[in-house]
>>> print(open('input00.cif').read())   # mmCIF, C-alpha atoms
data_upload
#
loop_
_atom_site.label_atom_id
_atom_site.label_comp_id
_atom_site.auth_asym_id
_atom_site.auth_seq_id
_atom_site.Cartn_x
_atom_site.Cartn_y
_atom_site.Cartn_z
CA ALA B 1 22.45 4.40 23.76
CA ASP B 2 22.25 5.74 20.21
CA LYS B 3 23.21 2.38 18.74
CA HIS B 4 20.59 0.69 20.91
CA SER B 5 17.99 3.23 19.75
CA ALA B 6 18.97 2.60 16.13
CA ALA B 7 18.62 -1.16 16.55
CA THR B 8 15.24 -0.76 18.25
CA ALA B 9 14.01 1.53 15.49
CA ASP B 10 15.29 -0.91 12.84
CA TYR B 11 13.32 -3.72 14.43
CA ALA B 12 10.21 -1.54 14.63
CA ALA B 13 10.58 -0.54 10.97
CA ALA B 14 10.91 -4.17 9.85
CA LEU B 15 7.90 -5.24 11.92
CA LEU B 16 5.74 -2.37 10.64
CA ALA B 17 6.75 -3.08 7.04
CA TRP B 18 5.71 -6.72 7.47
CA GLN B 19 2.39 -5.70 9.01
CA TRP B 20 1.82 -3.23 6.17
CA GLN B 21 2.38 -6.01 3.61
CA ARG B 22 -0.19 -8.16 5.40
CA ILE B 23 -2.73 -5.32 5.34
CA GLN B 24 -1.97 -4.68 1.66
CA ILE B 25 -2.85 -8.31 0.88
CA ASP B 26 -6.08 -7.96 2.84
CA LEU B 27 -6.99 -4.74 1.02
CA GLU B 28 -6.08 -6.28 -2.33
CA THR B 29 -8.42 -9.18 -1.58
CA ARG B 30 -11.25 -6.80 -0.67
CA LEU B 31 -10.75 -4.88 -3.91
CA ALA B 32 -10.64 -8.15 -5.86
CA TYR B 33 -13.99 -9.12 -4.31
CA VAL B 34 -15.57 -5.81 -5.33
CA ASP B 35 -14.09 -6.23 -8.81
CA ALA B 36 -15.54 -9.74 -9.08
CA TRP B 37 -18.94 -8.44 -8.01
CA GLN B 38 -18.75 -5.58 -10.50
CA THR B 39 -17.85 -7.88 -13.39
CA ARG B 40 -20.68 -10.21 -12.41
CA THR B 41 -23.17 -7.31 -12.35
CA THR B 42 -21.93 -6.08 -15.72
CA HIS B 43 -22.12 -9.59 -17.18
CA ASP B 44 -25.68 -10.07 -15.89
CA ALA B 45 -26.80 -6.71 -17.29
CA LEU B 46 -25.28 -7.42 -20.70
CA THR B 47 -26.79 -10.92 -20.73
CA GLN B 48 -30.21 -9.40 -20.17
CA GLU B 49 -29.58 -6.80 -22.86
CA SER B 50 -28.37 -9.48 -25.30
CA ASP B 51 -31.47 -11.60 -24.65
CA THR B 52 -33.67 -8.56 -25.26
CA MET B 53 -31.87 -7.79 -28.52
CA GLN B 54 -32.33 -11.37 -29.69
CA GLN B 55 -36.05 -11.16 -28.97
CA LEU B 56 -36.27 -7.89 -30.88
CA LEU B 57 -34.42 -9.39 -33.82
CA ALA B 58 -36.72 -12.41 -33.78
CA ALA B 59 -39.69 -10.04 -34.05
CA ALA B 60 -37.97 -7.72 -36.53
CA THR B 61 -37.17 -10.42 -39.10
CA PRO B 62 -40.77 -11.13 -40.15
CA ALA B 63 -41.59 -7.43 -39.87
CA ARG B 64 -38.79 -6.67 -42.31
CA GLN B 65 -39.95 -9.41 -44.69
CA GLN B 66 -43.46 -7.99 -44.61
CA GLY B 67 -42.18 -4.48 -45.26
CA ASP B 68 -43.19 -3.13 -41.83
CA LEU B 69 -39.54 -2.40 -40.92
CA ASN B 70 -37.20 -0.52 -43.22
CA GLU B 71 -33.74 -1.85 -44.05
CA ALA B 72 -31.83 0.93 -42.26
CA ASP B 73 -33.57 0.30 -38.94
CA TYR B 74 -33.07 -3.45 -39.28
CA LEU B 75 -29.35 -3.05 -40.00
CA ALA B 76 -28.99 -0.68 -37.05
CA MET B 77 -30.65 -3.30 -34.85
CA LEU B 78 -28.27 -5.96 -36.15
CA ALA B 79 -25.26 -3.71 -35.40
CA GLN B 80 -26.53 -3.05 -31.89
CA ALA B 81 -27.03 -6.76 -31.28
CA SER B 82 -23.50 -7.49 -32.53
CA THR B 83 -22.02 -4.77 -30.29
CA THR B 84 -23.91 -6.10 -27.29
CA GLN B 85 -22.74 -9.65 -27.99
CA THR B 86 -19.10 -8.49 -28.24
CA SER B 87 -19.42 -6.55 -24.96
CA LEU B 88 -20.96 -9.63 -23.34
CA GLN B 89 -18.04 -11.80 -24.41
CA THR B 90 -15.56 -9.25 -23.06
CA ALA B 91 -17.48 -9.03 -19.77
CA SER B 92 -17.55 -12.83 -19.50
CA VAL B 93 -13.76 -13.03 -19.84
CA ALA B 94 -13.29 -10.20 -17.31
CA ASN B 95 -15.61 -11.95 -14.88
CA LEU B 96 -13.73 -15.24 -15.15
CA LYS B 97 -10.41 -13.46 -14.60
CA ALA B 98 -11.77 -11.59 -11.57
CA LEU B 99 -13.10 -14.81 -10.03
CA ALA B 100 -9.78 -16.59 -10.63
CA ARG B 101 -7.83 -13.71 -9.08
CA LEU B 102 -10.09 -13.67 -6.03
CA ALA B 103 -9.78 -17.44 -5.62
CA GLY B 104 -6.00 -17.13 -5.80
CA LEU B 105 -5.89 -14.43 -3.12
CA LEU B 106 -8.17 -16.47 -0.86
CA ASP B 107 -6.20 -19.64 -1.62
CA VAL B 108 -9.28 -21.68 -2.58
CA ALA B 109 -9.80 -23.98 -5.54
CA SER B 110 -12.47 -21.90 -7.24
CA ILE B 111 -15.15 -19.27 -6.70
CA SER B 112 -18.37 -18.88 -8.66
CA ASN B 113 -20.68 -15.92 -9.08
CA ASP B 114 -23.19 -17.69 -6.85
CA ASP B 115 -20.72 -17.34 -3.97
CA LEU B 116 -20.78 -13.54 -4.21
CA VAL B 117 -23.16 -11.24 -2.36
CA ALA B 118 -23.57 -7.52 -2.88
CA PRO B 119 -21.00 -5.42 -0.97
CA PRO B 120 -22.47 -3.03 1.60
CA PRO B 121 -23.25 0.49 0.38
CA PHE B 122 -20.47 2.98 0.81
CA ALA B 123 -20.66 6.72 1.35
CA LEU B 124 -17.85 9.20 1.91
CA THR B 125 -18.05 12.92 2.61
CA THR B 126 -15.51 15.70 2.93
CA ASP B 127 -16.13 15.72 6.67
CA ASP B 128 -15.00 12.09 6.76
CA VAL B 129 -11.94 12.64 4.58
CA GLN B 130 -10.24 15.61 6.18
CA PRO B 131 -9.92 14.22 9.76
CA ALA B 132 -8.75 10.87 8.34
CA LEU B 133 -6.05 12.57 6.27
CA ALA B 134 -4.95 14.70 9.22
CA ASP B 135 -3.97 11.72 11.37
CA LEU B 136 -2.91 9.47 8.49
CA PRO B 137 0.82 9.56 9.45
CA SER B 138 -0.01 8.16 12.87
CA ARG B 139 -2.15 5.30 11.52
CA ARG B 140 -0.85 4.00 8.20
CA LEU B 141 1.79 1.37 8.80
CA ASP B 142 3.98 2.15 5.81
CA LEU B 143 4.32 5.76 7.02
CA LEU B 144 5.08 4.54 10.54
CA ALA B 145 7.71 2.18 9.08
CA LEU B 146 9.34 5.07 7.23
CA LYS B 147 9.33 7.13 10.41
CA ALA B 148 10.94 4.27 12.32
CA GLY B 149 13.56 4.00 9.59
CA TYR B 150 14.19 7.72 9.88
CA ASP B 151 14.55 7.45 13.66
CA SER B 152 16.99 4.57 13.23
CA GLN B 153 19.10 6.52 10.76
CA ASP B 154 19.01 9.61 12.98
CA ALA B 155 20.26 7.56 15.95
CA THR B 156 22.99 6.05 13.78
CA LEU B 157 24.00 9.54 12.65
CA ARG B 158 24.26 10.75 16.24
CA ALA B 159 26.39 7.73 17.17
CA ASP B 160 28.78 8.39 14.28
CA ILE B 161 29.02 12.08 15.18
CA LEU B 162 29.91 11.19 18.76
CA SER B 163 32.54 8.74 17.50
CA GLN B 164 34.57 11.71 16.20
CA PHE B 165 35.37 12.85 19.71
CA PRO B 166 38.08 11.38 21.95
CA ILE B 167 36.91 8.68 24.31
CA ALA B 168 38.40 8.56 27.78
CA SER B 169 38.05 5.61 30.10
CA ILE B 170 39.27 5.24 33.66
CA GLY B 171 40.19 1.89 35.11
CA PHE B 172 40.64 0.86 38.75
CA ASN B 173 42.82 -2.08 39.69
CA ARG B 174 43.30 -3.70 43.07
CA ALA B 175 45.60 -6.62 43.78
CA ARG B 176 46.95 -8.56 46.80
CA ASP B 177 50.14 -10.59 46.67
CA THR B 178 51.02 -13.70 48.66
CA SER B 179 52.65 -11.69 51.43
CA GLY B 180 49.43 -9.83 52.13
CA VAL B 181 50.45 -6.56 50.51
CA ASN B 182 47.58 -4.74 48.84
CA SER B 183 48.18 -2.60 45.79
CA VAL B 184 45.79 -0.18 44.17
CA GLY B 185 46.20 1.36 40.73
CA PHE B 186 44.37 3.69 38.42
CA GLY B 187 44.56 3.73 34.64
CA LEU B 188 43.43 6.34 32.13
CA THR B 189 42.95 5.39 28.50
CA VAL B 190 42.21 7.96 25.79
CA THR B 191 41.17 6.89 22.31
CA LEU B 192 41.80 9.45 19.57
CA PRO B 193 39.56 8.63 16.58
CA PHE B 194 41.63 10.34 13.90
CA PHE B 195 41.48 7.55 11.32
CA ASN B 196 38.09 5.88 11.83
CA ASP B 197 36.43 7.23 8.62
CA SER B 198 33.70 8.88 10.67
CA ARG B 199 33.29 11.81 8.30
CA GLY B 200 32.39 9.54 5.40
CA ARG B 201 29.91 7.59 7.48
CA ILE B 202 28.35 10.81 8.77
CA ALA B 203 27.84 12.09 5.23
CA ILE B 204 26.22 8.81 4.19
CA ASP B 205 24.05 8.67 7.32
CA ARG B 206 22.86 12.24 6.85
CA ALA B 207 22.03 11.68 3.18
CA THR B 208 20.14 8.46 4.00
CA ARG B 209 18.20 10.15 6.77
CA ASP B 210 17.24 13.05 4.48
CA ALA B 211 16.17 10.59 1.77
CA LEU B 212 13.90 8.76 4.21
CA TYR B 213 12.32 12.03 5.29
CA ALA B 214 11.75 13.03 1.67
CA ALA B 215 10.18 9.63 0.94
CA TRP B 216 7.91 10.03 3.97
CA GLN B 217 6.72 13.46 2.79
CA GLU B 218 6.29 12.25 -0.79
CA ARG B 219 4.17 9.30 0.29
CA ILE B 220 1.92 11.51 2.42
CA GLN B 221 1.44 13.91 -0.49
CA ASP B 222 0.75 11.01 -2.82
CA ALA B 223 -1.86 9.63 -0.41
CA ASP B 224 -3.54 13.06 -0.21
CA ASN B 225 -3.68 13.30 -3.99
CA GLN B 226 -5.05 9.79 -4.41
CA VAL B 227 -7.74 10.32 -1.79
CA GLU B 228 -8.83 13.59 -3.37
CA THR B 229 -8.98 11.99 -6.81
CA LEU B 230 -11.04 9.07 -5.52
CA ARG B 231 -13.34 11.39 -3.59
CA GLN B 232 -14.07 13.36 -6.76
CA GLN B 233 -14.70 10.15 -8.68
CA LEU B 234 -17.15 8.99 -6.00
CA GLN B 235 -19.00 12.29 -6.27
CA LEU B 236 -19.29 11.80 -10.04
CA VAL B 237 -20.57 8.27 -9.55
#
>>> encode(input="input00.cif", output="structure tokens")
Amino acid sequence: ADKHSAATADYAAALLAWQWQRIQIDLETRLAYVDAWQTRTTHDALTQESDTMQQLLAAATPARQQGDLNEADYLAMLAQASTTQTSLQTASVANLKALARLAGLLDVASISNDDLVAPPPFALTTDDVQPALADLPSRRLDLLALKAGYDSQDATLRADILSQFPIASIGFNRARDTSGVNSVGFGLTVTLPFFNDSRGRIAIDRATRDALYAAWQERIQDADNQVETLRQQLQLV
């Protein structure tokens, strides 16, 4: 029964791990979309700013020649225009990379900024966060996979502990010869597991089980910390 439970838990852990990978790809694609939209918005804003700076410079050049604009202000305007142009080039490269990454995740030939629409507004409060964190272990598939792995290792440990004890089996035999004589016999077999290396396996099983439990706790704590950090960042935004 313990070995069957271990095998069932192993299968559940593998299935949950696969499902978690699928969800991770979906989440990664959603984040890539938001990143592509953000880089597009930044690029558009910097394009507008660069155009404005060019218009100002076009007006500032004759003003400087006529003495209506001092040299220091003109040079400061030139520096600002250069900084804006550099930022625009950086934003353009980031936007192209974000679009290429999104296209790769969606397995399409290409995506342009015209294909993007604004993501829906997002709001998160403490009242939303705390209940979600409380039942996180029962929802997030990677945590469920770790729990299934723990259950499998626990069942394996129990099976190895039981293998230390003698195993007795009783057999019943019935036979009939050609002369019509019936014979009945009983057999008792006792297996003494003195040299089956069970102690070593038990030590390994227990250490593996404890490691899985520690990993489960660590991942929950890490999730709590990440959520709190992101919540604070959202408040700042």
>>> resolve_selection(input="input00.cif", expression="the PyMOL selection byres ((chain B and resi 215-223) around 8)", output="list in words")
Pro137, Leu143, Leu146, Lys147, Ala211, Leu212, Tyr213, Ala214, Asp224, Asn225, Gln226 and Val227 of chain B
>>> closest_residue(input="input00.cif", among="B:Ser163, B:Thr83, B:Ser110, B:Thr156", to="B:Thr8", atoms="only C-alpha atoms")
B:Thr156
>>> closest_residue(input="input00.cif", among="B:Ser183, B:Gln55, B:Ser152, B:Thr39", to="B:Leu96", atoms="all atoms listed in the file")
B:Thr39
>>> closest_residue(input="input00.cif", among="B:Ala58, B:Ala36, B:Leu162, B:Ala79", to="B:Val117", atoms="only C-alpha atoms")
B:Ala36
>>> residues_around(input="input00.cif", residues="B:Gln54", least_positions_apart="6", cutoff="10 Å", atoms="all atoms listed in the file", output="PyMOL selection string")
chain B and resi 48+60+77-78+81+85
